[in-house]
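Everything on this sheet refers to the single structure shown next.
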Amino acid sequence: MISSNAQAGIESILFKAARSRLPQQPDDTCEIVPLAHAHDSTRPDANVIILTISSILFRLLLVFHFDDDTGTRDYFARQTGDVSLQDVLLEVCNLCCGAMNQDLLRYFQDLGMSTPYVLSARCLPYLEGLKPDYLSSYAITINGSVRLAATVCVCAHAPIDFVADMTAVEETSGELELF
Amino acid sequence: MKQYLLAAMAGAVATAILAVLLHKWDKARTLNRLQSEADSKIKTLTQTNAQQSASINEAEQKTRQLESSIARLSEDLARQSKSAGEDRAALAAALEDKEQLLDQARRIAGEASRLKSLAATFERWHEQMISLMTQNQDMHAKNHELSSIVKHVVIVSLNASIEAARAGNAGRGFAVVASEVRALAARSEELSRSYRDSLHRNDLTTTATFQDIQAGGKMITASLSSVEVLADQFEARLH
């Protein structure tokens with residue numbers, strides 16, 4: 001129901017959003033590698049952050065997996081003062097999903113985005129229960145040391161086909177996503 | 001003397017004859033001249049008359065043309081008067097339509113603005129998700145406690161089996177009971193694991209559903225904003 005062009009488009013949009021929103025400094029590297037499994041089963045006790053982009057034709061669930069380790073904490077929460085790591089990650093994930101939402105708006109007129117929510121990583125095997133038409137996970141490494149993962153799950157209610165044009169110049173102004 | 005008188009008389013007669021002849025010749029010439037002048041005047045008058053007749057004919061023709069034009073113009077005027085009346089009626093109808101469209105545009109903008117408050121309804125549903133998820137977390141905690149108890153029961157049942165074995169024949173009945181308790185604990189453990197999985201499935205389904213509702217609400221609100229803007233623009237164009 002989701003064409004290969006659309007799948008490639010969603011992946012490109014995710015990559016672009018992740019590379020533009022996850023690194024905290026402009027010069028930080030961000031490597032993204034597809035994972036064989038739809039969920040990161042090596043860290044079952046970890047928490048994940050989940051967001052949803054809804055349209056008339058589909059709903060897209062975006063799941064971010066973070067380790068609550070020193071590297072992640074130092075990278076994301078070093079300069080945030082009293083704000084907890086989870087709150088910082090919620091904000092980062094919200095911005096990343098917001099960037100995807102902005103790009104998808106070029107192809108789908110009516111879109112809405114949820115606020116982020118924290119779930120146990122043990123929930124992720126049940127993404128299959130939503131009967132997704134497209135489910136894919138990616139390992140993300142920032143600066144070669146901060147490791148996280150992302151899963152995108154799309155449930156379509158109608159055939160989806162679009163070709164993402166990723167040649168457009170990225171907007172430098174960050175949009176404020178309220179939640 | 002008589003000769004002279006005769007000669008004088010003859011001369012007088014001759015002169016008189018000559019005078020008469022001259023007089024006739026002069027009269028004839030005058031007549032001819034008058035006749036010629038009369039002919040010339042008649043000819044001139046005839047020509048003038050012909051020209052005037054032509055002019056009269058031309059004037060009559062022009063008069064007919066003018067009458068025809070006046071008739072045509074009268075028809076045009078009547079037609080245009082009728083058309084102007086129809087145009088006035090059409091303009092009045094168009095103005096009425098415009099007022100109705102303006103009213104409808106205002107109502108659409110008002111309805112879109114009013115329906116945007118649906119966002120609060122969607123947010124209320126989303127808040128119910130938080131409540132449901134809190135209950136799920138409570139069930140997770142209770143299930144975790146149950147799992148701990150079951151694990152403890154397994155250990156106790158194992159210890160009971162060991163003690164029963166030590167008691168020998170006297171402990172056979174107790175060994176059966178300990179074994180049964182261990183089997184029940186294993187079933188409880190499996191049930192607890194299954195319940196935990198169900199809770200996780202429930203967590204995901206609940207979150208996905210309520211996030212879809214929340215995102216869908218924002219989508220509808222954004223669409224209604226677009227409708228409101230379009231209705232406002234339409235209203236502004238009608239003004």
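We label chains A, B, ... in the order they appear in the structure tokens, count residues from 1 in each chain, and number ligands from 1 in the order shown.
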Residues of chain B within 12 Å of chain A: nearest atom pair and distance (Å, one decimal) for each, counting only C-alpha atoms, sorted by chain and number, as a Markdown table?
| residue | atom | partner | partner_atom | distance |
| --- | --- | --- | --- | --- |
| B:Ala119 | CA | A:Gly112 | CA | 11.4 |
| B:Phe122 | CA | A:Ser114 | CA | 10.8 |
| B:Glu123 | CA | A:Ser114 | CA | 10.1 |
| B:His126 | CA | A:Ser114 | CA | 9.4 |
| B:Glu127 | CA | A:Thr115 | CA | 11.4 |
| B:Met129 | CA | A:Tyr117 | CA | 10.5 |
| B:Ile130 | CA | A:Tyr117 | CA | 9.4 |
| B:Met133 | CA | A:Leu119 | CA | 9.6 |
| B:Thr134 | CA | A:Leu119 | CA | 11.6 |
| B:Asn136 | CA | A:Leu119 | CA | 11.2 |
| B:Gln137 | CA | A:Leu119 | CA | 10.2 |
| B:His140 | CA | A:Ser120 | CA | 11.0 |
| B:Arg196 | CA | A:Arg122 | CA | 9.6 |
| B:Asp197 | CA | A:Arg122 | CA | 8.0 |
| B:Ser198 | CA | A:Cys123 | CA | 9.4 |
| B:Leu199 | CA | A:Cys123 | CA | 8.6 |
| B:His200 | CA | A:Cys123 | CA | 4.8 |
| B:Arg201 | CA | A:Tyr126 | CA | 5.7 |
| B:Asn202 | CA | A:Cys123 | CA | 8.4 |
| B:Asp203 | CA | A:Cys123 | CA | 6.9 |
| B:Leu204 | CA | A:Cys123 | CA | 5.7 |
| B:Thr205 | CA | A:Leu130 | CA | 7.6 |
| B:Thr206 | CA | A:Leu119 | CA | 10.9 |
| B:Thr207 | CA | A:Tyr117 | CA | 7.7 |
| B:Ala208 | CA | A:Thr52 | CA | 7.2 |
| B:Thr209 | CA | A:Thr52 | CA | 9.4 |
| B:Phe210 | CA | A:Ser114 | CA | 8.8 |
| B:Gln211 | CA | A:Ser114 | CA | 5.3 |
| B:Asp212 | CA | A:Ser54 | CA | 6.0 |
| B:Ile213 | CA | A:Ser114 | CA | 8.3 |
| B:Gln214 | CA | A:Ser114 | CA | 5.6 |
| B:Ala215 | CA | A:Met113 | CA | 4.4 |
| B:Gly216 | CA | A:Ser54 | CA | 5.6 |
| B:Gly217 | CA | A:Gly112 | CA | 7.2 |
| B:Lys218 | CA | A:Gly112 | CA | 4.9 |
| B:Met219 | CA | A:Gly112 | CA | 4.0 |
| B:Ile220 | CA | A:Asp110 | CA | 7.7 |
| B:Thr221 | CA | A:Gly112 | CA | 8.7 |
| B:Ala222 | CA | A:Asp110 | CA | 7.6 |
| B:Ser223 | CA | A:Asp110 | CA | 6.6 |
| B:Leu224 | CA | A:Asp110 | CA | 10.4 |
| B:Ser225 | CA | A:Asp110 | CA | 11.4 |
| B:Ser226 | CA | A:Asp110 | CA | 10.1 |
Please save N, CA and C atoms of the selected residues as a compact mmCIF listing (two decimals), in the first residue's frame.
# COMPACT_ATOMS: atom_id res chain seq x y z
N ALA B 119 -10.54 21.26 19.31
CA ALA B 119 -9.20 20.92 19.77
C ALA B 119 -9.20 20.63 21.26
N PHE B 122 -10.37 17.13 21.76
CA PHE B 122 -9.31 16.14 21.48
C PHE B 122 -8.28 16.12 22.60
N GLU B 123 -7.97 17.29 23.13
CA GLU B 123 -7.00 17.34 24.23
C GLU B 123 -7.58 16.65 25.47
N HIS B 126 -7.09 13.14 25.01
CA HIS B 126 -5.68 12.82 25.22
C HIS B 126 -5.35 12.76 26.71
N GLU B 127 -5.98 13.64 27.47
CA GLU B 127 -5.75 13.61 28.92
C GLU B 127 -6.25 12.29 29.52
N MET B 129 -5.92 9.56 28.11
CA MET B 129 -4.84 8.60 27.87
C MET B 129 -3.86 8.62 29.04
N ILE B 130 -3.53 9.81 29.51
CA ILE B 130 -2.62 9.92 30.64
C ILE B 130 -3.19 9.17 31.84
N MET B 133 -2.97 5.47 31.15
CA MET B 133 -1.59 5.01 31.24
C MET B 133 -1.12 4.98 32.70
N THR B 134 -1.63 5.89 33.51
CA THR B 134 -1.30 5.87 34.93
C THR B 134 -1.85 4.59 35.57
N ASN B 136 -2.40 1.85 33.95
CA ASN B 136 -1.57 0.76 33.43
C ASN B 136 -0.27 0.64 34.23
N GLN B 137 0.31 1.81 34.55
CA GLN B 137 1.56 1.79 35.33
C GLN B 137 1.30 1.15 36.70
N HIS B 140 1.13 -2.44 36.15
CA HIS B 140 2.51 -2.94 35.96
C HIS B 140 3.17 -3.17 37.32
N ARG B 196 2.00 -9.22 32.00
CA ARG B 196 2.95 -8.12 31.75
C ARG B 196 3.00 -7.80 30.24
N ASP B 197 3.07 -8.88 29.43
CA ASP B 197 3.08 -8.65 27.97
C ASP B 197 1.79 -7.97 27.51
N SER B 198 0.67 -8.40 28.09
CA SER B 198 -0.61 -7.78 27.72
C SER B 198 -0.61 -6.30 28.10
N LEU B 199 -0.05 -6.01 29.25
CA LEU B 199 0.01 -4.61 29.67
C LEU B 199 0.88 -3.79 28.72
N HIS B 200 1.99 -4.36 28.29
CA HIS B 200 2.85 -3.64 27.33
C HIS B 200 2.13 -3.44 26.00
N ARG B 201 1.44 -4.48 25.57
CA ARG B 201 0.67 -4.34 24.32
C ARG B 201 -0.39 -3.25 24.50
N ASN B 202 -1.02 -3.28 25.68
CA ASN B 202 -2.05 -2.29 25.98
C ASN B 202 -1.46 -0.88 26.01
N ASP B 203 -0.25 -0.76 26.59
CA ASP B 203 0.43 0.55 26.64
C ASP B 203 0.62 1.10 25.22
N LEU B 204 1.13 0.22 24.35
CA LEU B 204 1.42 0.69 22.99
C LEU B 204 0.12 1.04 22.25
N THR B 205 -0.86 0.15 22.35
CA THR B 205 -2.12 0.40 21.63
C THR B 205 -2.80 1.67 22.14
N THR B 206 -2.81 1.82 23.47
CA THR B 206 -3.44 3.01 24.06
C THR B 206 -2.72 4.28 23.61
N THR B 207 -1.37 4.25 23.71
CA THR B 207 -0.60 5.44 23.33
C THR B 207 -0.79 5.76 21.85
N ALA B 208 -0.67 4.72 21.00
CA ALA B 208 -0.80 4.95 19.56
C ALA B 208 -2.18 5.51 19.22
N THR B 209 -3.21 4.96 19.87
CA THR B 209 -4.58 5.40 19.58
C THR B 209 -4.81 6.84 20.03
N PHE B 210 -4.39 7.14 21.26
CA PHE B 210 -4.66 8.48 21.77
C PHE B 210 -3.77 9.53 21.12
N GLN B 211 -2.54 9.12 20.74
CA GLN B 211 -1.70 10.08 19.98
C GLN B 211 -2.32 10.34 18.61
N ASP B 212 -2.90 9.29 18.03
CA ASP B 212 -3.57 9.46 16.73
C ASP B 212 -4.74 10.43 16.89
N ILE B 213 -5.48 10.29 17.99
CA ILE B 213 -6.62 11.20 18.25
C ILE B 213 -6.10 12.62 18.43
N GLN B 214 -5.03 12.77 19.21
CA GLN B 214 -4.49 14.11 19.46
C GLN B 214 -3.97 14.75 18.17
N ALA B 215 -3.19 13.96 17.42
CA ALA B 215 -2.62 14.48 16.16
C ALA B 215 -3.74 14.76 15.16
N GLY B 216 -4.74 13.83 15.13
CA GLY B 216 -5.88 14.05 14.24
C GLY B 216 -6.63 15.32 14.59
N GLY B 217 -6.74 15.59 15.90
CA GLY B 217 -7.39 16.82 16.35
C GLY B 217 -6.65 18.05 15.87
N LYS B 218 -5.33 17.99 15.95
CA LYS B 218 -4.54 19.15 15.48
C LYS B 218 -4.67 19.30 13.96
N MET B 219 -4.74 18.14 13.28
CA MET B 219 -4.92 18.18 11.82
C MET B 219 -6.25 18.86 11.47
N ILE B 220 -7.30 18.46 12.18
CA ILE B 220 -8.63 19.04 11.91
C ILE B 220 -8.62 20.54 12.25
N THR B 221 -7.98 20.89 13.37
CA THR B 221 -7.93 22.31 13.76
C THR B 221 -7.20 23.13 12.70
N ALA B 222 -6.08 22.57 12.19
CA ALA B 222 -5.32 23.28 11.15
C ALA B 222 -6.16 23.43 9.89
N SER B 223 -6.89 22.38 9.54
CA SER B 223 -7.73 22.43 8.34
C SER B 223 -8.84 23.47 8.51
N LEU B 224 -9.42 23.51 9.72
CA LEU B 224 -10.48 24.50 9.98
C LEU B 224 -9.93 25.92 9.91
N SER B 225 -8.67 26.08 10.35
CA SER B 225 -8.04 27.40 10.24
C SER B 225 -7.91 27.80 8.78
N SER B 226 -7.54 26.83 7.94
CA SER B 226 -7.43 27.12 6.50
C SER B 226 -8.79 27.51 5.93
Task: Spatial neighbours of Leu146 in chain B, max dist 10 Å, only C-alpha atoms, sep filter under 5 positions, as a PyMOL selection string - done: chain B and resi 140-141+151-152+188-189+192
- [ ] Could you please determine the separation between CA of Arg19 in chain A and CA of Ala156 in chain A in Å, to one decimal place?
- [x] 25.7 Å
Open item on the list: Report, in Å with one decimal, the straight-line distance from CA of Ser4 in chain A to CA of Pro34 in chain A.
Closed with: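 Interatomic distance, CA of Ser4 in chain A to CA of Pro34 in chain A: 15.8 Å.
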- [ ] From the DSSP assignment of the backbone, select every residue of range 87-169 of chain A that is alpha helix (DSSP H), and format the answer as number ranges by chain.
- [x] A: 87-104
Produce a file of the selected residues containing N, CA and C atoms, as a short mmCIF file (atom, residue, chain, number, x, y, z; two decimals), in the first residue's frame.
data_model
loop_
_atom_site.label_atom_id
_atom_site.label_comp_id
_atom_site.auth_asym_id
_atom_site.auth_seq_id
_atom_site.Cartn_x
_atom_site.Cartn_y
_atom_site.Cartn_z
N ASP A 87 13.42 15.12 29.96
CA ASP A 87 12.77 16.32 29.41
C ASP A 87 13.53 16.86 28.21
N VAL A 88 14.88 16.81 28.30
CA VAL A 88 15.70 17.27 27.17
C VAL A 88 15.44 16.39 25.96
N LEU A 89 15.41 15.07 26.18
CA LEU A 89 15.20 14.14 25.06
C LEU A 89 13.79 14.30 24.49
N LEU A 90 12.82 14.55 25.34
CA LEU A 90 11.46 14.79 24.84
C LEU A 90 11.44 15.99 23.90
N GLU A 91 12.16 17.04 24.27
CA GLU A 91 12.22 18.24 23.44
C GLU A 91 12.93 17.96 22.12
N VAL A 92 14.06 17.22 22.22
CA VAL A 92 14.82 16.90 21.00
C VAL A 92 13.97 16.06 20.05
N CYS A 93 13.30 15.05 20.62
CA CYS A 93 12.46 14.18 19.78
C CYS A 93 11.30 14.96 19.16
N ASN A 94 10.76 15.87 19.94
CA ASN A 94 9.66 16.70 19.44
C ASN A 94 10.11 17.55 18.25
N LEU A 95 11.31 18.12 18.38
CA LEU A 95 11.84 18.93 17.27
C LEU A 95 12.10 18.06 16.05
N CYS A 96 12.63 16.87 16.26
CA CYS A 96 12.94 15.98 15.15
C CYS A 96 11.65 15.56 14.43
N CYS A 97 10.64 15.18 15.21
CA CYS A 97 9.36 14.79 14.62
C CYS A 97 8.71 16.00 13.93
N GLY A 98 8.89 17.17 14.53
CA GLY A 98 8.36 18.39 13.92
C GLY A 98 8.99 18.66 12.57
N ALA A 99 10.29 18.38 12.46
CA ALA A 99 10.98 18.57 11.17
C ALA A 99 10.43 17.60 10.13
N MET A 100 10.16 16.35 10.56
CA MET A 100 9.55 15.38 9.63
C MET A 100 8.17 15.86 9.19
N ASN A 101 7.41 16.35 10.17
CA ASN A 101 6.06 16.84 9.89
C ASN A 101 6.10 17.97 8.85
N GLN A 102 7.06 18.88 9.02
CA GLN A 102 7.20 20.00 8.08
C GLN A 102 7.48 19.51 6.67
N ASP A 103 8.38 18.53 6.56
CA ASP A 103 8.72 18.01 5.23
C ASP A 103 7.56 17.24 4.62
N LEU A 104 6.85 16.47 5.45
CA LEU A 104 5.72 15.69 4.93
C LEU A 104 4.59 16.60 4.46
#
